[in-house]
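Quick notes on the structure that follows.
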Amino acid sequence: MWSHRHLLGIEELSASDIDAVLDRADRWFDRSAERKTTTLKGKTIINVFFEASTRTRTSFEAAGKRLGADVVNVSSSGSSVSKGETLLDTAKNLEAMRADALVVRHQSSGAPAFLAGRVDCAIVNAGDGAHEHPTQALLDAFAIRKAKGRLEGLVVAICGDITRSRVARSNAILLGKMGAEVRLAGLRTMMPKEAETLGSTTTVVSRLEDAIEGADVVMMLRIQSERLTPGEKGAPASPMSTTREYSRTFGLNATKLRGAKPDAIVMHPGPINRGVELDPYVADGDRSVILDQVEAGVAVRMAVLDLLLSS
Amino acid sequence: MWSHRHLLGIEELSASDIDAVLDRADRWFDRSAERKTTTLKGKTIINVFFEASTRTRTSFEAAGKRLGADVVNVSSSGSSVSKGETLLDTAKNLEAMRADALVVRHQSSGAPAFLAGRVDCAIVNAGDGAHEHPTQALLDAFAIRKAKGRLEGLVVAICGDITRSRVARSNAILLGKMGAEVRLAGLRTMMPKEAETLGSTTTVVSRLEDAIEGADVVMMLRIQSERLTPGEKGAPASPMSTTREYSRTFGLNATKLRGAKPDAIVMHPGPINRGVELDPYVADGDRSVILDQVEAGVAVRMAVLDLLLSS
Amino acid sequence: MWSHRHLLGIEELSASDIDAVLDRADRWFDRSAERKTTTLKGKTIINVFFEASTRTRTSFEAAGKRLGADVVNVSSSGSSVSKGETLLDTAKNLEAMRADALVVRHQSSGAPAFLAGRVDCAIVNAGDGAHEHPTQALLDAFAIRKAKGRLEGLVVAICGDITRSRVARSNAILLGKMGAEVRLAGLRTMMPKEAETLGSTTTVVSRLEDAIEGADVVMMLRIQSERLTPGEKGAPASPMSTTREYSRTFGLNATKLRGAKPDAIVMHPGPINRGVELDPYVADGDRSVILDQVEAGVAVRMAVLDLLLSS
């Protein structure tokens, strides 16, 4: 039984909550289902994005519209935000317009939780700072379950800039709750001290190859190129060599992928830096489920909006 | 009987026109009413915003969509405007796409009226320069009527930068037509010479306290911080001291509010500069109807679009 | 019988394809038809604009919505594009969200065709570099047919910067296929060497007056003011004199228009540089069908989306 008024993070969800989302998403993923419904007719969903995003905003917008809701987009440029309005005032104003849900992306960790305690409409976290990106972890879980039939007992390698990745955090927490084993790998400078406490089944390894060894799932994270600048601790001397060096040590290619299970799948939250963290042949290869993740995204967001707003 | 093809300003409306909007808005405000209707099905409303605005554009967009219209947003960035097209050509083009209404915000006073004489579709003024912001005044009137049961005979204090405020202008005109008494207060440099001719019941006072004395409604205006720069006539020597000084003399706090009637309400068109024109405790206090204004906004804009486009 | 999965250019269309679009557009142009239909209910159309455009994006958006589709806008600013994602990855991602059509405007010639070979959803070219702008040519043909009753046998003068104009290219090709005679005129520096091979009925003349002589249709192109800078081959010495000089030699005014047939119509794809390529009196005169073109645009785009996505 779903009992949440907001979706702030995976941390707040139980395993059965997660199952509830994935099962509901199955229904919306089904291609034989009606494409446009009246499930959320009369509801107003406002996407409030303080950080740029194509894929997440577009995915939520398509999800809301397919459910029959009215969807309105607000971005930080051209908004009251640039006039110095506080985050809470912005949210209170949108709520006062009888918004039923605010889908919030914000550069500050905890911004959606802050709002959730102060407004009555549903708050959906669409990514907050380095904290959580719960619908991303849910869509990843959906894609894994589609490919593997289950989550429990799987070995999942997550590789990249763990420190700054809300995607890694939400995934590690979710996979721990669902009984999958998580292995984190990344540059020393990109691994938080408390990494092993992310999720109940997480271990940290220092080499990509060790994370991949025998894995069912290899999830590569987008690397921010500005993170590969010389001068950072542990980074080589020039940007060029850094990117090449990163790609050599922590980038995934077909050779390294051979260490994983023969039927291992490759994931990436996008947008991909081709040739940096992921070799194009792997990104486009038959082990890649990257576009399945995107497809799952709309169904999972429909499920989340449906669970939060229907009743 | 509503007979207008456009909503250009409060100036053009009679008291019974204003009542017609407020009465129609009552219908859309009612929470038991259907949230999504087909009232304007098949109509196309285009929001043409030459100035940034979250709240007004979002409010009009939600209003149009709840009435079942197709709503399209055009903003000046990324538009033909940046290619040097004239305002009239832009409007004529959008009309040629069979837009039924253009909701226009423009930095120049009179831009909507200019268009109204030259296109056949309905023009709704969503704020033009320092001229008028009629839907703001209508939603303010709606919120006052909700709180006080009437407009006639009330004493309304309006405080801030009167010279540049289309909100003040539209409100003063509306309140005069509806038989309320208006008192304007603000820095000498922010008070137009002809202020007393704004509305038929307007007086100008020099101190905030004099405006508030015995008032039923205290309406604070947003102060543009760039207006508080040293060097302007009547402004103190440094920006810091200016803001502090403005807040001390023309900002509203609980102490000053005690001069108003015990059941006086506090209003603000938003976005609020907390701590400048309005003390946060007053903004969030039980006398504040600021969020009621926002809620009224959608209903009033539904009423306006409905009156202009139905039939 | 329409058999195309994409609309990439006029080049790929037969005369009977063109007739099919125009006939279908007739149906949607009819003012007595239902304004809002369920023709494309359940379909998702994503406008992906890598170049700014008001009129084309708005026209496609209105068209999709009137057909009952869900329409989502993505622009290059604030998108993954600015994060370095490839064009193909962007398109593949949007397709994975089960977009039924991507309406693509891109600064590079061939971008839509590149995508069409690599995605399954429909690609509609909304203007690519200096290559084609097929819906513009189709709406122009629609407007001409409305005014003249036919395309075959007409003499159409197209004047301006032919080299950079996808509008000129698409029109010349379309008119050739439909049996109209095309005359191109423009500054030597604005005329491509292969101009006479654009369409099967195209001739190049050096003076505007020669192109206009006896024409049924005079189509003026928007001139990019940055093209009129001193130093370009064949351009006068100062920008001021250049613009004035361009207007004098290649701008259309009432005097020059007298050389055309007495019932000749004047067209322009917009936005107009009034006083440069087109005299305001002609732009707004009774021979101008410029706003008819815009009106035709929505109907033609409805026809294209309907033909590509229905069935």
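Ordered as shown in the structure tokens, chains take letters A, B, and onward, while each chain numbers its residues from 1 and ligands are numbered from 1 in the order shown.
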Counting only C-alpha atoms, which residues in chain B sit no more than 12 Å from chain C? For each one, give the nearest pair of atoms and the distance in Å, sorted by chain then residue number, as a Markdown table.
| residue | atom | partner | partner_atom | distance |
| --- | --- | --- | --- | --- |
| B:Thr38 | CA | C:Lys36 | CA | 10.8 |
| B:Leu40 | CA | C:Lys36 | CA | 10.3 |
| B:Lys41 | CA | C:Lys36 | CA | 6.9 |
| B:Gly42 | CA | C:Lys36 | CA | 4.6 |
| B:Lys43 | CA | C:Arg35 | CA | 7.5 |
| B:Thr44 | CA | C:Ala62 | CA | 7.6 |
| B:Ile45 | CA | C:Ala62 | CA | 9.7 |
| B:Ile46 | CA | C:Thr58 | CA | 9.0 |
| B:Asn47 | CA | C:Thr58 | CA | 11.0 |
| B:Val48 | CA | C:Thr54 | CA | 10.4 |
| B:Lys65 | CA | C:Lys65 | CA | 11.9 |
| B:Gly68 | CA | C:Lys36 | CA | 10.2 |
| B:Ala69 | CA | C:Lys36 | CA | 9.3 |
| B:Asp70 | CA | C:Lys65 | CA | 6.6 |
| B:Val71 | CA | C:Ala62 | CA | 8.4 |
| B:Val72 | CA | C:Thr58 | CA | 7.0 |
| B:Asn73 | CA | C:Thr58 | CA | 8.1 |
| B:Val74 | CA | C:Thr54 | CA | 6.9 |
| B:Ser75 | CA | C:Thr54 | CA | 8.5 |
| B:Ser76 | CA | C:Thr54 | CA | 8.9 |
| B:Ser77 | CA | C:Ala52 | CA | 8.4 |
| B:Gly78 | CA | C:Ala52 | CA | 4.6 |
| B:Ser79 | CA | C:Thr54 | CA | 4.6 |
| B:Ser80 | CA | C:Thr54 | CA | 5.6 |
| B:Val81 | CA | C:Thr54 | CA | 8.4 |
| B:Ser82 | CA | C:Ala52 | CA | 9.2 |
| B:Lys83 | CA | C:Pro271 | CA | 7.4 |
| B:Gly84 | CA | C:Asn273 | CA | 7.3 |
| B:Glu85 | CA | C:Pro271 | CA | 5.7 |
| B:Thr86 | CA | C:Ile272 | CA | 8.5 |
| B:Leu87 | CA | C:Pro271 | CA | 11.0 |
| B:Leu88 | CA | C:Pro271 | CA | 11.3 |
| B:Asp89 | CA | C:Pro271 | CA | 7.8 |
| B:Thr90 | CA | C:Pro271 | CA | 8.2 |
| B:Ala91 | CA | C:Arg55 | CA | 10.7 |
| B:Lys92 | CA | C:Leu291 | CA | 7.4 |
| B:Asn93 | CA | C:Val294 | CA | 6.4 |
| B:Leu94 | CA | C:Arg55 | CA | 7.7 |
| B:Glu95 | CA | C:Glu295 | CA | 8.5 |
| B:Ala96 | CA | C:Glu295 | CA | 4.9 |
| B:Met97 | CA | C:Glu295 | CA | 4.9 |
| B:Arg98 | CA | C:Glu295 | CA | 7.1 |
| B:Ala99 | CA | C:Ala62 | CA | 8.9 |
| B:Asp100 | CA | C:Arg35 | CA | 11.4 |
| B:Val119 | CA | C:Leu291 | CA | 12.0 |
DSSP-assigned strand (DSSP E or B) members of range 167-248 of chain C, reported as a PyMOL selection string: chain C and resi 181-185+202-205+217-220
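Counting only C-alpha atoms, the residue from A:Asn125, A:Asn171, A:Ser109, A:Thr163 that sits nearest to Asp140 in chain A is A:Asn171.
We find CA of Asp128 in chain C and CA of Arg169 in chain C to be spaced 11.4 Å apart.
Between CA of His268 in chain C and CA of Cys159 in chain C lies a distance of 9.9 Å.
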Neighbour list for range 10-27 of chain B as a ChimeraX atom specification, cut-off 7 Å, only C-alpha atoms, skip fewer than 6 positions in-chain: /B:2,134,142,170,173-174,177-178,299-300,302-304
Given the selection you just returned, output its residues as a file containing N, CA and C atoms, formatted as a PDB file, in the first residue's frame.
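Result went into result.pdb, see below:
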ATOM      1  N   TRP B   2     -21.384  41.880 -20.545  1.00  0.00           N
ATOM      2  CA  TRP B   2     -20.002  42.084 -20.960  1.00  0.00           C
ATOM      3  C   TRP B   2     -19.946  42.381 -22.454  1.00  0.00           C
ATOM      4  N   PRO B 134      -4.260  44.992 -15.540  1.00  0.00           N
ATOM      5  CA  PRO B 134      -5.668  44.875 -15.113  1.00  0.00           C
ATOM      6  C   PRO B 134      -6.018  43.557 -14.422  1.00  0.00           C
ATOM      7  N   PHE B 142     -10.822  40.661  -6.174  1.00  0.00           N
ATOM      8  CA  PHE B 142     -11.458  39.387  -5.819  1.00  0.00           C
ATOM      9  C   PHE B 142     -11.039  38.957  -4.420  1.00  0.00           C
ATOM     10  N   SER B 170      -3.567  50.390 -11.697  1.00  0.00           N
ATOM     11  CA  SER B 170      -4.788  49.627 -11.981  1.00  0.00           C
ATOM     12  C   SER B 170      -5.643  49.486 -10.730  1.00  0.00           C
ATOM     13  N   ILE B 173      -7.411  52.835  -9.825  1.00  0.00           N
ATOM     14  CA  ILE B 173      -8.538  53.102 -10.732  1.00  0.00           C
ATOM     15  C   ILE B 173      -9.713  52.193 -10.397  1.00  0.00           C
ATOM     16  N   LEU B 174      -9.420  50.913 -10.215  1.00  0.00           N
ATOM     17  CA  LEU B 174     -10.494  49.962  -9.906  1.00  0.00           C
ATOM     18  C   LEU B 174     -11.184  50.315  -8.593  1.00  0.00           C
ATOM     19  N   LYS B 177     -13.501  53.187  -8.878  1.00  0.00           N
ATOM     20  CA  LYS B 177     -14.757  52.847  -9.556  1.00  0.00           C
ATOM     21  C   LYS B 177     -15.702  52.063  -8.649  1.00  0.00           C
ATOM     22  N   MET B 178     -15.133  51.298  -7.727  1.00  0.00           N
ATOM     23  CA  MET B 178     -15.956  50.441  -6.876  1.00  0.00           C
ATOM     24  C   MET B 178     -16.307  51.105  -5.548  1.00  0.00           C
ATOM     25  N   ALA B 299      -8.435  31.999 -11.068  1.00  0.00           N
ATOM     26  CA  ALA B 299      -9.894  32.081 -11.267  1.00  0.00           C
ATOM     27  C   ALA B 299     -10.279  33.338 -12.037  1.00  0.00           C
ATOM     28  N   VAL B 300      -9.631  34.459 -11.704  1.00  0.00           N
ATOM     29  CA  VAL B 300      -9.938  35.717 -12.382  1.00  0.00           C
ATOM     30  C   VAL B 300      -9.516  35.651 -13.849  1.00  0.00           C
ATOM     31  N   MET B 302      -9.288  32.908 -15.627  1.00  0.00           N
ATOM     32  CA  MET B 302     -10.268  32.045 -16.287  1.00  0.00           C
ATOM     33  C   MET B 302     -11.513  32.858 -16.633  1.00  0.00           C
ATOM     34  N   ALA B 303     -11.951  33.683 -15.704  1.00  0.00           N
ATOM     35  CA  ALA B 303     -13.138  34.493 -15.939  1.00  0.00           C
ATOM     36  C   ALA B 303     -12.943  35.440 -17.117  1.00  0.00           C
ATOM     37  N   VAL B 304     -11.788  36.088 -17.159  1.00  0.00           N
ATOM     38  CA  VAL B 304     -11.512  37.037 -18.237  1.00  0.00           C
ATOM     39  C   VAL B 304     -11.477  36.322 -19.588  1.00  0.00           C
TER      40      VAL B 304
END
Who sits within 9 Å of Ser165 in chain B, only C-alpha atoms, same chain under 5 positions skipped, as a PyMOL selection string: chain B and resi 129-133+160+170+221-222
Selection near Arg248 in chain A, 12 Å with only C-alpha atoms, sequence-local residues under 5 positions removed, as a PyMOL selection string: chain A and resi 187+207-209+241-243+253+255-256+275-279
Dump of C-alpha atoms for the selected residues, as a short mmCIF file (atom, residue, chain, number, x, y, z; two decimals), in the first residue's frame:
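And here's result_13.cif as it stands now:
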data_model
loop_
_atom_site.label_atom_id
_atom_site.label_comp_id
_atom_site.auth_asym_id
_atom_site.auth_seq_id
_atom_site.Cartn_x
_atom_site.Cartn_y
_atom_site.Cartn_z
CA LEU A 187 39.11 7.95 -8.94
CA ARG A 207 39.86 -0.47 -10.01
CA LEU A 208 37.08 -0.53 -12.59
CA GLU A 209 38.09 -4.09 -13.46
CA SER A 241 46.11 13.61 -20.75
CA THR A 242 43.55 13.64 -17.97
CA THR A 243 40.61 12.82 -20.18
CA ASN A 253 35.27 -0.59 -23.40
CA THR A 255 37.80 -5.51 -23.48
CA LYS A 256 37.04 -4.54 -19.92
CA GLY A 275 34.89 8.13 -25.71
CA VAL A 276 35.35 9.36 -22.16
CA GLU A 277 33.50 7.19 -19.67
CA LEU A 278 32.01 4.96 -22.33
CA ASP A 279 33.33 3.59 -25.60
#
